[in-house]
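my_file.txt (compact mmCIF, C-alpha atoms)
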# COMPACT_ATOMS: atom_id res chain seq x y z
CA MET A 1 14.20 -38.19 -2.63
CA ASN A 2 13.51 -35.31 -4.92
CA LYS A 3 9.88 -36.37 -5.21
CA LEU A 4 9.62 -36.69 -1.46
CA LEU A 5 11.12 -33.30 -0.96
CA THR A 6 8.76 -31.80 -3.48
CA ALA A 7 5.85 -33.44 -1.75
CA ALA A 8 7.03 -32.13 1.60
CA LEU A 9 7.32 -28.66 0.17
CA ALA A 10 3.92 -28.90 -1.43
CA LEU A 11 2.44 -30.18 1.77
CA GLY A 12 3.07 -27.02 3.63
CA LEU A 13 6.66 -26.64 4.63
CA LEU A 14 6.90 -23.68 2.30
CA SER A 15 3.28 -22.75 2.07
CA ALA A 16 3.72 -21.47 5.61
CA PHE A 17 5.29 -18.37 4.05
CA THR A 18 3.21 -15.28 4.78
CA LEU A 19 3.76 -11.60 5.25
CA PRO A 20 1.64 -10.82 8.32
CA ALA A 21 -0.86 -8.01 7.87
CA GLN A 22 0.61 -5.98 10.72
CA ALA A 23 4.23 -6.15 9.51
CA THR A 24 5.93 -3.00 8.24
CA PRO A 25 7.07 -2.78 4.61
CA GLU A 26 10.68 -2.99 5.80
CA GLU A 27 9.95 -6.23 7.68
CA ASP A 28 8.12 -7.64 4.67
CA LEU A 29 11.02 -6.77 2.39
CA GLU A 30 13.56 -8.48 4.59
CA LYS A 31 11.43 -11.61 4.94
CA PHE A 32 10.53 -11.78 1.25
CA GLN A 33 14.08 -11.42 0.00
CA SER A 34 15.68 -13.74 2.52
CA PHE A 35 13.12 -16.40 1.64
CA PHE A 36 14.38 -16.45 -1.95
CA HIS A 37 18.03 -16.21 -0.93
CA LYS A 38 17.56 -19.34 1.19
CA ARG A 39 15.40 -21.11 -1.36
CA PHE A 40 17.90 -20.54 -4.19
CA PRO A 41 21.29 -20.43 -2.45
CA ASN A 42 23.13 -20.88 -5.76
CA THR A 43 21.65 -17.76 -7.30
CA PRO A 44 23.79 -14.69 -6.64
CA LYS A 45 21.61 -12.10 -4.90
CA ASP A 46 21.83 -9.58 -7.72
CA ASP A 47 20.92 -12.16 -10.36
CA PHE A 48 17.21 -12.45 -9.51
CA ILE A 49 16.62 -9.63 -11.99
CA ASN A 50 16.93 -12.31 -14.64
CA GLY A 51 13.73 -14.00 -13.53
CA VAL A 52 13.31 -17.67 -14.14
CA TYR A 53 16.73 -17.77 -15.85
CA SER A 54 18.35 -16.96 -12.52
CA ILE A 55 17.38 -20.40 -11.25
CA ASP A 56 17.57 -22.52 -14.40
CA ALA A 57 20.89 -23.05 -16.15
CA ALA A 58 19.37 -24.91 -19.09
CA SER A 59 16.99 -22.21 -20.28
CA ARG A 60 19.47 -19.51 -19.35
CA GLU A 61 21.81 -20.56 -22.12
CA GLN A 62 19.12 -20.21 -24.77
CA TRP A 63 18.09 -16.89 -23.33
CA GLU A 64 21.62 -15.56 -23.30
CA SER A 65 22.06 -16.35 -26.95
CA MET A 66 18.73 -14.61 -27.64
CA GLU A 67 20.03 -11.57 -25.77
CA GLU A 68 23.02 -11.32 -28.10
CA PHE A 69 20.64 -9.81 -30.63
CA PRO A 70 18.11 -8.37 -28.24
CA PRO A 71 14.60 -8.61 -29.67
CA TYR A 72 13.68 -5.39 -27.84
CA GLU A 73 16.31 -3.27 -29.58
CA LEU A 74 13.87 -2.08 -32.22
CA SER A 75 11.46 -1.10 -29.51
CA ILE A 76 14.10 1.04 -27.77
CA ASP A 77 14.85 2.83 -31.05
CA LYS A 78 11.21 3.40 -31.79
CA GLY A 79 10.60 4.54 -28.24
CA LYS A 80 13.45 7.04 -28.45
CA GLU A 81 12.01 8.49 -31.63
CA LEU A 82 8.54 8.77 -30.11
CA PHE A 83 10.00 10.26 -26.97
CA ASN A 84 11.77 12.99 -28.91
CA THR A 85 8.98 13.76 -31.36
CA PRO A 86 7.22 16.98 -30.33
CA PHE A 87 3.49 16.98 -29.56
CA LYS A 88 1.26 19.24 -31.65
CA ASN A 89 1.93 22.01 -29.14
CA GLY A 90 5.68 21.75 -29.75
CA LYS A 91 6.59 20.28 -26.35
CA THR A 92 8.00 16.78 -25.84
CA TYR A 93 7.70 14.08 -23.17
CA ALA A 94 10.89 15.40 -21.62
CA SER A 95 8.99 18.44 -20.36
CA CYS A 96 6.86 16.25 -18.07
CA PHE A 97 9.66 14.45 -16.24
CA GLU A 98 12.46 15.12 -13.86
CA ASN A 99 15.86 15.23 -15.56
CA ASN A 100 13.99 15.39 -18.87
CA GLY A 101 12.94 11.78 -18.38
CA ILE A 102 16.46 10.36 -18.61
CA GLY A 103 17.59 7.83 -15.98
CA ILE A 104 14.47 8.13 -13.88
CA ALA A 105 12.28 5.20 -14.96
CA HIS A 106 13.55 2.97 -12.16
CA ARG A 107 11.95 5.32 -9.61
CA TYR A 108 8.49 4.24 -10.76
CA PRO A 109 6.00 3.40 -9.46
CA PHE A 110 6.05 6.04 -6.76
CA PHE A 111 3.41 7.38 -4.42
CA ASP A 112 2.40 10.94 -5.28
CA THR A 113 1.57 12.51 -1.92
CA ASN A 114 -0.11 15.50 -3.55
CA ALA A 115 -2.48 13.47 -5.69
CA GLY A 116 -2.70 10.68 -3.11
CA GLU A 117 -2.16 7.88 -5.61
CA VAL A 118 0.38 5.47 -7.08
CA ILE A 119 1.91 6.70 -10.32
CA THR A 120 3.41 4.11 -12.64
CA LEU A 121 5.63 5.12 -15.53
CA GLU A 122 3.01 4.22 -18.13
CA LEU A 123 0.40 6.27 -16.31
CA ALA A 124 2.81 9.22 -16.18
CA ILE A 125 3.43 8.89 -19.92
CA ASN A 126 -0.27 9.08 -20.67
CA ARG A 127 -0.86 11.92 -18.22
CA CYS A 128 1.93 13.79 -19.99
CA ARG A 129 0.17 13.26 -23.30
CA GLU A 130 -3.14 14.43 -21.93
CA ALA A 131 -1.59 17.49 -20.31
CA ASN A 132 -0.30 18.37 -23.75
CA GLY A 133 -3.57 17.86 -25.54
CA GLU A 134 -2.80 14.39 -26.93
CA LYS A 135 -4.95 11.28 -26.67
CA PRO A 136 -3.79 8.62 -24.18
CA LEU A 137 -2.15 5.48 -25.55
CA LYS A 138 -3.34 1.93 -24.94
CA TYR A 139 -1.61 0.53 -21.89
CA LYS A 140 -0.49 -3.03 -22.46
CA THR A 141 1.49 -2.93 -25.70
CA GLY A 142 2.37 -0.71 -28.67
CA ASP A 143 3.81 2.82 -28.47
CA ILE A 144 3.57 3.00 -24.69
CA ALA A 145 5.72 -0.11 -24.31
CA ASP A 146 8.28 1.38 -26.73
CA ILE A 147 8.46 4.69 -24.88
CA SER A 148 8.71 2.86 -21.57
CA ALA A 149 11.42 0.59 -23.05
CA TYR A 150 13.48 3.60 -24.07
CA MET A 151 13.05 5.34 -20.74
CA HIS A 152 13.95 2.19 -18.83
CA PHE A 153 16.97 1.67 -21.04
CA THR A 154 18.32 5.00 -19.80
CA SER A 155 17.87 3.72 -16.23
CA ARG A 156 19.77 0.48 -16.67
CA GLY A 157 22.09 -0.29 -13.82
CA GLU A 158 20.40 2.10 -11.41
CA THR A 159 19.48 0.65 -8.02
CA ILE A 160 15.78 0.26 -7.41
CA ASN A 161 14.58 1.97 -4.28
CA ILE A 162 10.81 2.30 -4.21
CA VAL A 163 9.77 4.51 -1.31
CA ILE A 164 6.69 4.20 0.90
CA PRO A 165 6.37 7.76 2.17
CA ASP A 166 5.07 8.47 5.64
CA ASP A 167 1.49 8.87 4.46
CA PRO A 168 -1.33 6.54 5.51
CA ARG A 169 -2.61 6.52 1.92
CA ALA A 170 0.73 5.26 0.64
CA LEU A 171 0.76 2.50 3.22
CA ALA A 172 -2.82 1.64 2.30
CA ALA A 173 -1.84 1.29 -1.38
CA TYR A 174 1.08 -0.92 -0.41
CA GLU A 175 -1.20 -3.08 1.77
CA ARG A 176 -3.74 -3.33 -1.03
CA GLY A 177 -1.06 -4.59 -3.41
CA LYS A 178 0.28 -7.02 -0.84
CA LYS A 179 -3.18 -8.40 -0.22
CA ASN A 180 -3.68 -8.86 -3.94
CA TYR A 181 -0.41 -10.78 -4.29
CA PHE A 182 -1.44 -13.23 -1.59
CA ALA A 183 -5.17 -13.46 -2.30
CA LYS A 184 -6.49 -16.63 -3.85
CA ARG A 185 -8.42 -15.58 -6.89
CA GLY A 186 -10.35 -16.87 -9.83
CA GLN A 187 -12.15 -20.08 -10.49
CA MET A 188 -8.95 -21.96 -9.72
CA ASN A 189 -8.48 -20.16 -6.44
CA VAL A 190 -4.77 -19.57 -6.84
CA SER A 191 -2.69 -16.57 -5.71
CA CYS A 192 0.41 -14.96 -7.19
CA ALA A 193 2.22 -16.15 -4.07
CA ASP A 194 1.09 -19.76 -4.62
CA CYS A 195 2.98 -19.84 -7.89
CA HIS A 196 5.83 -17.37 -7.39
CA ILE A 197 6.64 -17.93 -3.70
CA HIS A 198 5.38 -21.29 -2.45
CA ASN A 199 6.11 -23.08 -5.72
CA ALA A 200 8.93 -21.02 -7.20
CA GLY A 201 11.38 -23.49 -8.69
CA ASN A 202 8.71 -26.12 -9.25
CA MET A 203 7.28 -27.16 -12.59
CA ILE A 204 3.72 -26.38 -13.51
CA ARG A 205 3.44 -28.82 -16.34
CA ALA A 206 6.32 -27.85 -18.65
CA ASP A 207 6.80 -24.36 -17.18
CA LEU A 208 9.24 -23.60 -14.42
CA LEU A 209 7.75 -21.13 -11.94
CA GLY A 210 10.07 -18.19 -11.46
CA PRO A 211 10.79 -16.46 -8.14
CA GLY A 212 8.70 -13.46 -7.08
CA LEU A 213 11.89 -11.57 -6.29
CA GLY A 214 13.12 -9.64 -9.33
CA GLN A 215 9.91 -9.97 -11.30
CA THR A 216 9.52 -6.23 -11.81
CA THR A 217 13.04 -5.03 -12.64
CA HIS A 218 13.22 -5.64 -16.39
CA TRP A 219 10.05 -4.28 -17.97
CA PRO A 220 8.73 -3.85 -20.55
CA VAL A 221 9.50 -7.25 -22.00
CA TYR A 222 9.73 -8.70 -25.47
CA ARG A 223 8.05 -12.03 -25.05
CA SER A 224 8.28 -14.73 -27.71
CA LYS A 225 4.82 -15.92 -26.80
CA TRP A 226 3.45 -12.44 -27.46
CA GLY A 227 5.59 -11.97 -30.55
CA GLY A 228 6.22 -8.45 -29.29
CA MET A 229 6.53 -6.09 -26.39
CA GLY A 230 4.29 -5.88 -23.36
CA THR A 231 4.16 -3.93 -20.12
CA LEU A 232 4.29 -5.43 -16.64
CA GLN A 233 0.55 -5.03 -16.31
CA ARG A 234 0.05 -6.98 -19.52
CA ARG A 235 1.79 -9.84 -17.71
CA TYR A 236 -0.45 -9.39 -14.68
CA THR A 237 -3.43 -9.77 -16.97
CA GLY A 238 -2.03 -13.01 -18.39
CA CYS A 239 -1.21 -14.49 -15.00
CA ASN A 240 -4.71 -13.67 -13.75
CA LYS A 241 -6.32 -15.28 -16.79
CA GLN A 242 -4.28 -18.45 -16.33
CA VAL A 243 -6.21 -19.19 -13.17
CA ARG A 244 -9.46 -17.98 -14.72
CA ALA A 245 -9.51 -14.87 -12.60
CA LYS A 246 -11.02 -11.79 -14.16
CA PRO A 247 -8.07 -9.46 -14.78
CA TYR A 248 -8.30 -5.91 -13.51
CA LYS A 249 -8.03 -3.10 -16.01
CA ALA A 250 -4.49 -2.01 -16.82
CA GLN A 251 -3.62 0.97 -14.62
CA SER A 252 -6.65 0.38 -12.40
CA PRO A 253 -6.04 1.25 -8.73
CA GLU A 254 -5.76 -2.51 -8.03
CA TYR A 255 -2.97 -3.14 -10.54
CA ARG A 256 -1.18 0.06 -9.62
CA ALA A 257 -1.22 -1.00 -5.97
CA LEU A 258 -0.01 -4.47 -6.97
CA GLU A 259 2.83 -2.98 -8.99
CA TYR A 260 3.73 -0.74 -6.06
CA PHE A 261 4.01 -3.61 -3.57
CA HIS A 262 5.57 -5.94 -6.13
CA SER A 263 8.25 -3.42 -7.16
CA TYR A 264 9.02 -2.53 -3.55
CA MET A 265 9.81 -6.21 -2.93
CA SER A 266 12.70 -5.93 -5.43
CA ASN A 267 14.29 -2.92 -3.74
CA GLY A 268 18.06 -3.07 -3.80
CA LEU A 269 18.22 -4.85 -7.16
CA LYS A 270 19.44 -3.16 -10.34
CA SER A 271 17.06 -1.89 -12.96
CA ASN A 272 17.59 -3.87 -16.19
CA GLY A 273 14.70 -3.12 -18.51
CA PRO A 274 13.73 -3.70 -21.16
CA GLY A 275 14.00 -7.47 -21.10
CA SER A 276 13.24 -10.58 -23.09
CA ARG A 277 11.47 -13.72 -22.03
CA LYS A 278 10.23 -16.83 -23.74
CA MET B 279 1.56 -54.18 -23.06
CA ARG B 280 2.09 -52.74 -19.61
CA HIS B 281 -0.59 -50.24 -20.25
CA THR B 282 -3.13 -52.87 -21.29
CA ALA B 283 -2.35 -54.96 -18.27
CA GLN B 284 -2.79 -51.93 -16.09
CA SER B 285 -6.10 -50.93 -17.54
CA MET B 286 -7.32 -54.54 -17.24
CA SER B 287 -6.55 -54.58 -13.56
CA ARG B 288 -8.24 -51.24 -13.28
CA LYS B 289 -11.37 -52.65 -14.81
CA VAL B 290 -11.41 -55.50 -12.35
CA MET B 291 -11.00 -53.06 -9.56
CA ILE B 292 -13.76 -50.83 -10.57
CA ILE B 293 -16.12 -53.70 -11.06
CA ALA B 294 -15.43 -54.55 -7.47
CA ALA B 295 -16.20 -50.95 -6.61
CA LEU B 296 -19.33 -50.71 -8.67
CA SER B 297 -20.72 -54.05 -7.60
CA GLY B 298 -21.30 -52.45 -4.24
CA ILE B 299 -23.76 -50.05 -5.81
CA ALA B 300 -27.32 -51.36 -6.01
CA ALA B 301 -27.92 -50.14 -9.55
CA PHE B 302 -25.16 -52.37 -10.84
CA ALA B 303 -26.07 -55.40 -8.77
CA ASN B 304 -28.08 -57.07 -11.50
CA LEU B 305 -25.78 -56.34 -14.42
CA SER B 306 -24.14 -59.17 -16.25
CA PRO B 307 -20.41 -59.25 -15.52
CA ALA B 308 -19.60 -58.35 -19.13
CA LEU B 309 -21.85 -55.31 -19.09
CA ALA B 310 -20.59 -54.24 -15.69
CA GLU B 311 -17.03 -54.44 -16.95
CA GLU B 312 -17.87 -52.35 -19.99
CA MET B 313 -19.53 -49.67 -17.92
CA ALA B 314 -16.66 -49.59 -15.46
CA ALA B 315 -14.17 -49.24 -18.27
CA THR B 316 -16.16 -46.34 -19.67
CA VAL B 317 -16.20 -44.57 -16.32
CA ILE B 318 -12.44 -44.96 -15.95
CA GLU B 319 -11.76 -43.82 -19.48
CA LYS B 320 -13.99 -40.80 -19.04
CA GLY B 321 -12.32 -40.03 -15.74
CA LYS B 322 -8.88 -40.24 -17.28
CA ALA B 323 -9.88 -38.07 -20.21
CA VAL B 324 -11.23 -35.34 -17.93
CA ALA B 325 -8.23 -35.59 -15.60
CA PHE B 326 -5.78 -35.16 -18.50
CA ASP B 327 -7.75 -32.52 -20.39
CA ARG B 328 -5.94 -29.17 -20.02
CA LYS B 329 -9.23 -27.31 -20.04
CA LYS B 330 -10.77 -29.62 -17.41
CA GLY B 331 -8.87 -31.31 -14.58
CA ASN B 332 -5.41 -30.58 -15.98
CA CYS B 333 -4.08 -32.61 -13.05
CA LEU B 334 -0.80 -33.13 -14.90
CA ALA B 335 -0.01 -29.44 -14.48
CA CYS B 336 0.91 -30.33 -10.92
CA HIS B 337 0.91 -34.11 -10.46
CA ALA B 338 2.79 -36.97 -12.02
CA MET B 339 -0.02 -39.37 -12.84
CA ASP B 340 -0.27 -42.62 -14.73
CA ASP B 341 1.25 -42.41 -18.24
CA GLY B 342 0.77 -38.62 -18.51
CA ALA B 343 3.65 -36.96 -20.37
CA LEU B 344 5.65 -34.03 -18.94
CA PRO B 345 3.88 -33.68 -15.63
CA GLY B 346 4.54 -30.78 -13.27
CA ASN B 347 6.08 -31.43 -9.86
CA ILE B 348 4.19 -28.98 -7.68
CA ALA B 349 2.26 -31.78 -6.06
CA PRO B 350 2.87 -35.35 -4.88
CA PRO B 351 2.64 -38.05 -7.55
CA ILE B 352 -0.73 -39.77 -7.67
CA VAL B 353 0.12 -43.34 -6.67
CA SER B 354 -1.11 -45.97 -4.21
CA MET B 355 -4.42 -44.22 -3.91
CA LYS B 356 -6.15 -47.18 -2.27
CA LEU B 357 -3.53 -47.25 0.43
CA ARG B 358 -3.64 -43.49 0.88
CA TYR B 359 -7.42 -43.44 0.86
CA PRO B 360 -9.03 -46.55 2.35
CA ASP B 361 -12.18 -44.43 2.32
CA LYS B 362 -12.91 -43.49 -1.28
CA ALA B 363 -15.22 -40.67 -0.18
CA LYS B 364 -12.19 -38.91 1.31
CA LEU B 365 -10.43 -39.08 -2.04
CA ARG B 366 -13.47 -37.59 -3.75
CA GLU B 367 -13.54 -34.87 -1.12
CA GLN B 368 -9.88 -34.07 -1.79
CA ILE B 369 -10.67 -33.56 -5.47
CA TRP B 370 -13.93 -31.72 -4.80
CA ASP B 371 -12.27 -29.22 -2.46
CA ALA B 372 -8.62 -29.69 -1.49
CA SER B 373 -8.82 -26.69 0.83
CA ILE B 374 -10.83 -28.71 3.34
CA ARG B 375 -7.66 -30.57 4.25
CA ASN B 376 -5.21 -27.78 3.54
CA PRO B 377 -6.61 -24.23 3.52
CA ASN B 378 -3.44 -22.97 1.83
CA THR B 379 -3.40 -25.53 -0.94
CA ILE B 380 -2.71 -24.44 -4.50
CA MET B 381 -4.91 -27.27 -5.76
CA PRO B 382 -8.07 -25.79 -7.31
CA PRO B 383 -11.38 -26.65 -5.58
CA PHE B 384 -12.78 -28.51 -8.57
CA GLY B 385 -16.18 -29.16 -7.08
CA ARG B 386 -16.69 -26.15 -4.86
CA HIS B 387 -15.80 -23.76 -7.68
CA GLN B 388 -17.62 -25.84 -10.28
CA LEU B 389 -14.57 -26.33 -12.43
CA LEU B 390 -15.90 -29.83 -13.01
CA SER B 391 -19.38 -31.31 -12.81
CA GLU B 392 -20.30 -33.75 -10.04
CA GLU B 393 -20.34 -36.57 -12.59
CA GLU B 394 -16.89 -35.63 -13.88
CA ILE B 395 -15.60 -35.68 -10.32
CA ASP B 396 -17.18 -39.11 -9.78
CA ASN B 397 -15.44 -40.39 -12.89
CA ILE B 398 -12.07 -38.88 -11.96
CA THR B 399 -12.38 -40.39 -8.49
CA GLU B 400 -12.95 -43.84 -9.97
CA TYR B 401 -10.04 -43.39 -12.34
CA VAL B 402 -7.66 -42.01 -9.73
CA TYR B 403 -8.60 -44.83 -7.36
CA THR B 404 -7.07 -47.28 -9.82
CA LEU B 405 -3.66 -45.60 -9.66

Translate the structure described by the file into structure tokens.
Amino acid sequence: MNKLLTAALALGLLSAFTLPAQATPEEDLEKFQSFFHKRFPNTPKDDFINGVYSIDAASREQWESMEEFPPYELSIDKGKELFNTPFKNGKTYASCFENNGIGIAHRYPFFDTNAGEVITLELAINRCREANGEKPLKYKTGDIADISAYMHFTSRGETINIVIPDDPRALAAYERGKKNYFAKRGQMNVSCADCHIHNAGNMIRADLLGPGLGQTTHWPVYRSKWGGMGTLQRRYTGCNKQVRAKPYKAQSPEYRALEYFHSYMSNGLKSNGPGSRK
Amino acid sequence: MRHTAQSMSRKVMIIAALSGIAAFANLSPALAEEMAATVIEKGKAVAFDRKKGNCLACHAMDDGALPGNIAPPIVSMKLRYPDKAKLREQIWDASIRNPNTIMPPFGRHQLLSEEEIDNITEYVYTL
């Protein structure tokens, strides 16, 4: 029965899921979220922030015991120190952000209507450094992940509400990210949606594929496989490589657009970064 | 035991398949059997290899351990595919039959060589 069901799902029952090009972001959001609510009726709606553990009781137990001594704690401490250490010019990161950078991380990425581009938190951190005469940090791991971890920690529990302002450029960035999420890419010709929508809850070899909803709420992440912290775009790189697709550069317009769309799809959920994953 | 019996019956099968091909027509039965066995073994090796077919990522197949369940189990292939060419086509480019498929187009995207696809087809046809 189970096998039959799986086969039926694989054969197109679910692969019919699309977000039509002409739909508005609001329509996409509603369709995206209700898909996962129907697909995983036993997962409370606010629990998708826990990724694959929201749909898998067995691995959740292990994860919860890991979270008792969170492996990202050190990163938060280090990030706090970095955040409060003055630049050579005497200013700190706080000077670059609203509310001195406290409790605002969950508002990223946002569309900057003056600059006409998507600004992620990591990009804002590096722009802050540059504005203060410091060299930019590397994007996928290291100090930037620690600073981001600290800033996200101060946003825990805040409700995510990514905004698409009434600006054709913002909508274009959203559409670009949406297209990327659904585009088959790489030598294996597989899209994000193939794994995280159509096959969410299925096993790819020994790995359970987690739902696309809630994938962006808990970054940066301490990942056992990495043996350390990584940003969301580090994960994008890994998922692209898995299907032998050439990853985009971290913080490239493509990945920023992807993060914009992807984060918007989790609107209404609570921010819970940093996180840990296996 | 079961495994040996299975691979024996596979050999018999593939001999039947290969005997249709002119190049094999004059082979002694023993030699034909050996060649068929080699083709099947090669096909299985490529199918199971994580860096090649990696079919087990998605399909339950033969005695492969810890298969994924994204895709239907590979069984009764002769019943499913009376025409072996259709089976090869499915492996070469699954998107011909289902444009939305997650199954990689092994031939079209040159993930595998034509010979590897031939071998996998022969192997899969025994399942």

Contacts of Gly331 (chain B) within 12 Å, all atoms listed in the file, excl. fewer than 4 positions in-chain, as a short mmCIF file (atom, residue, chain, number, x, y, z; two decimals) with C-alpha atoms, in the coordinates of the input:
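Generated file (part_38.cif):
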data_model
loop_
_atom_site.label_atom_id
_atom_site.label_comp_id
_atom_site.auth_asym_id
_atom_site.auth_seq_id
_atom_site.Cartn_x
_atom_site.Cartn_y
_atom_site.Cartn_z
CA MET A 188 -8.95 -21.96 -9.72
CA LYS B 320 -13.99 -40.80 -19.04
CA GLY B 321 -12.32 -40.03 -15.74
CA LYS B 322 -8.88 -40.24 -17.28
CA ALA B 323 -9.88 -38.07 -20.21
CA VAL B 324 -11.23 -35.34 -17.93
CA ALA B 325 -8.23 -35.59 -15.60
CA PHE B 326 -5.78 -35.16 -18.50
CA ASP B 327 -7.75 -32.52 -20.39
CA ALA B 335 -0.01 -29.44 -14.48
CA CYS B 336 0.91 -30.33 -10.92
CA HIS B 337 0.91 -34.11 -10.46
CA ILE B 369 -10.67 -33.56 -5.47
CA TRP B 370 -13.93 -31.72 -4.80
CA MET B 381 -4.91 -27.27 -5.76
CA PRO B 382 -8.07 -25.79 -7.31
CA PRO B 383 -11.38 -26.65 -5.58
CA PHE B 384 -12.78 -28.51 -8.57
CA GLY B 385 -16.18 -29.16 -7.08
CA GLN B 388 -17.62 -25.84 -10.28
CA LEU B 389 -14.57 -26.33 -12.43
CA LEU B 390 -15.90 -29.83 -13.01
CA SER B 391 -19.38 -31.31 -12.81
CA GLU B 394 -16.89 -35.63 -13.88
CA ILE B 395 -15.60 -35.68 -10.32
CA ASN B 397 -15.44 -40.39 -12.89
CA ILE B 398 -12.07 -38.88 -11.96
CA THR B 399 -12.38 -40.39 -8.49
CA VAL B 402 -7.66 -42.01 -9.73
#

If you count only C-alpha atoms, which residues fall within 10 Å of Ala338 (chain B), apart from same-chain ones fewer than 2 positions away, as an mmCIF file with C-alpha atoms, in the coordinates of the input?
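Written output follows (part_0.cif):
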data_model
loop_
_atom_site.group_PDB
_atom_site.id
_atom_site.type_symbol
_atom_site.label_atom_id
_atom_site.label_comp_id
_atom_site.auth_asym_id
_atom_site.auth_seq_id
_atom_site.Cartn_x
_atom_site.Cartn_y
_atom_site.Cartn_z
ATOM 1 C CA LYS A 3 9.880 -36.370 -5.210
ATOM 2 C CA ARG A 205 3.440 -28.820 -16.340
ATOM 3 C CA CYS B 333 -4.080 -32.610 -13.050
ATOM 4 C CA LEU B 334 -0.800 -33.130 -14.900
ATOM 5 C CA ALA B 335 -0.010 -29.440 -14.480
ATOM 6 C CA CYS B 336 0.910 -30.330 -10.920
ATOM 7 C CA ASP B 340 -0.270 -42.620 -14.730
ATOM 8 C CA ASP B 341 1.250 -42.410 -18.240
ATOM 9 C CA GLY B 342 0.770 -38.620 -18.510
ATOM 10 C CA ALA B 343 3.650 -36.960 -20.370
ATOM 11 C CA LEU B 344 5.650 -34.030 -18.940
ATOM 12 C CA PRO B 345 3.880 -33.680 -15.630
ATOM 13 C CA GLY B 346 4.540 -30.780 -13.270
ATOM 14 C CA ASN B 347 6.080 -31.430 -9.860
ATOM 15 C CA ILE B 348 4.190 -28.980 -7.680
ATOM 16 C CA ALA B 349 2.260 -31.780 -6.060
ATOM 17 C CA PRO B 350 2.870 -35.350 -4.880
ATOM 18 C CA PRO B 351 2.640 -38.050 -7.550
ATOM 19 C CA ILE B 352 -0.730 -39.770 -7.670
ATOM 20 C CA VAL B 353 0.120 -43.340 -6.670
#

Query - Proximity to chain A - best of B:Met339, B:Ala363, B:Leu357, B:Ala308, only C-alpha atoms - result: B:Met339

Query - Expected residue set, 12 Å radius at (-2.5, -2.2, -10.2), all atoms listed in the file, as a count of residues only - result: 38

Report task. Can you pull out every residue within 12 Å of Gln33 (chain A), counting all atoms listed in the file, but drop anything in the same chain fewer than 5 positions away, and send it as a PyMOL selection string? Result -> chain A and resi 17+19+26-28+38-41+45-46+48+197+211-214+262+264-269

Atoms kept (C-alpha atoms) for selection, written as a CSV table (one decimal), in the coordinates of the input:
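To be explicit, this is the file written out as out06.csv:
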chain,number,residue,atom,x,y,z
A,17,PHE,CA,5.3,-18.4,4.0
A,19,LEU,CA,3.8,-11.6,5.2
A,26,GLU,CA,10.7,-3.0,5.8
A,27,GLU,CA,10.0,-6.2,7.7
A,28,ASP,CA,8.1,-7.6,4.7
A,38,LYS,CA,17.6,-19.3,1.2
A,39,ARG,CA,15.4,-21.1,-1.4
A,40,PHE,CA,17.9,-20.5,-4.2
A,41,PRO,CA,21.3,-20.4,-2.4
A,45,LYS,CA,21.6,-12.1,-4.9
A,46,ASP,CA,21.8,-9.6,-7.7
A,48,PHE,CA,17.2,-12.4,-9.5
A,197,ILE,CA,6.6,-17.9,-3.7
A,211,PRO,CA,10.8,-16.5,-8.1
A,212,GLY,CA,8.7,-13.5,-7.1
A,213,LEU,CA,11.9,-11.6,-6.3
A,214,GLY,CA,13.1,-9.6,-9.3
A,262,HIS,CA,5.6,-5.9,-6.1
A,264,TYR,CA,9.0,-2.5,-3.6
A,265,MET,CA,9.8,-6.2,-2.9
A,266,SER,CA,12.7,-5.9,-5.4
A,267,ASN,CA,14.3,-2.9,-3.7
A,268,GLY,CA,18.1,-3.1,-3.8
A,269,LEU,CA,18.2,-4.8,-7.2

Requested in this report: Please return, as a list in words, all residues of chain A lying within 6 Å of chain B when only C-alpha atoms are considered.
Outcome: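 The selection requested is Ala7, Ala10, Gln187, Met188, Asn189, Val190, Asn202, Met203, Ile204 and Arg205 of chain A.
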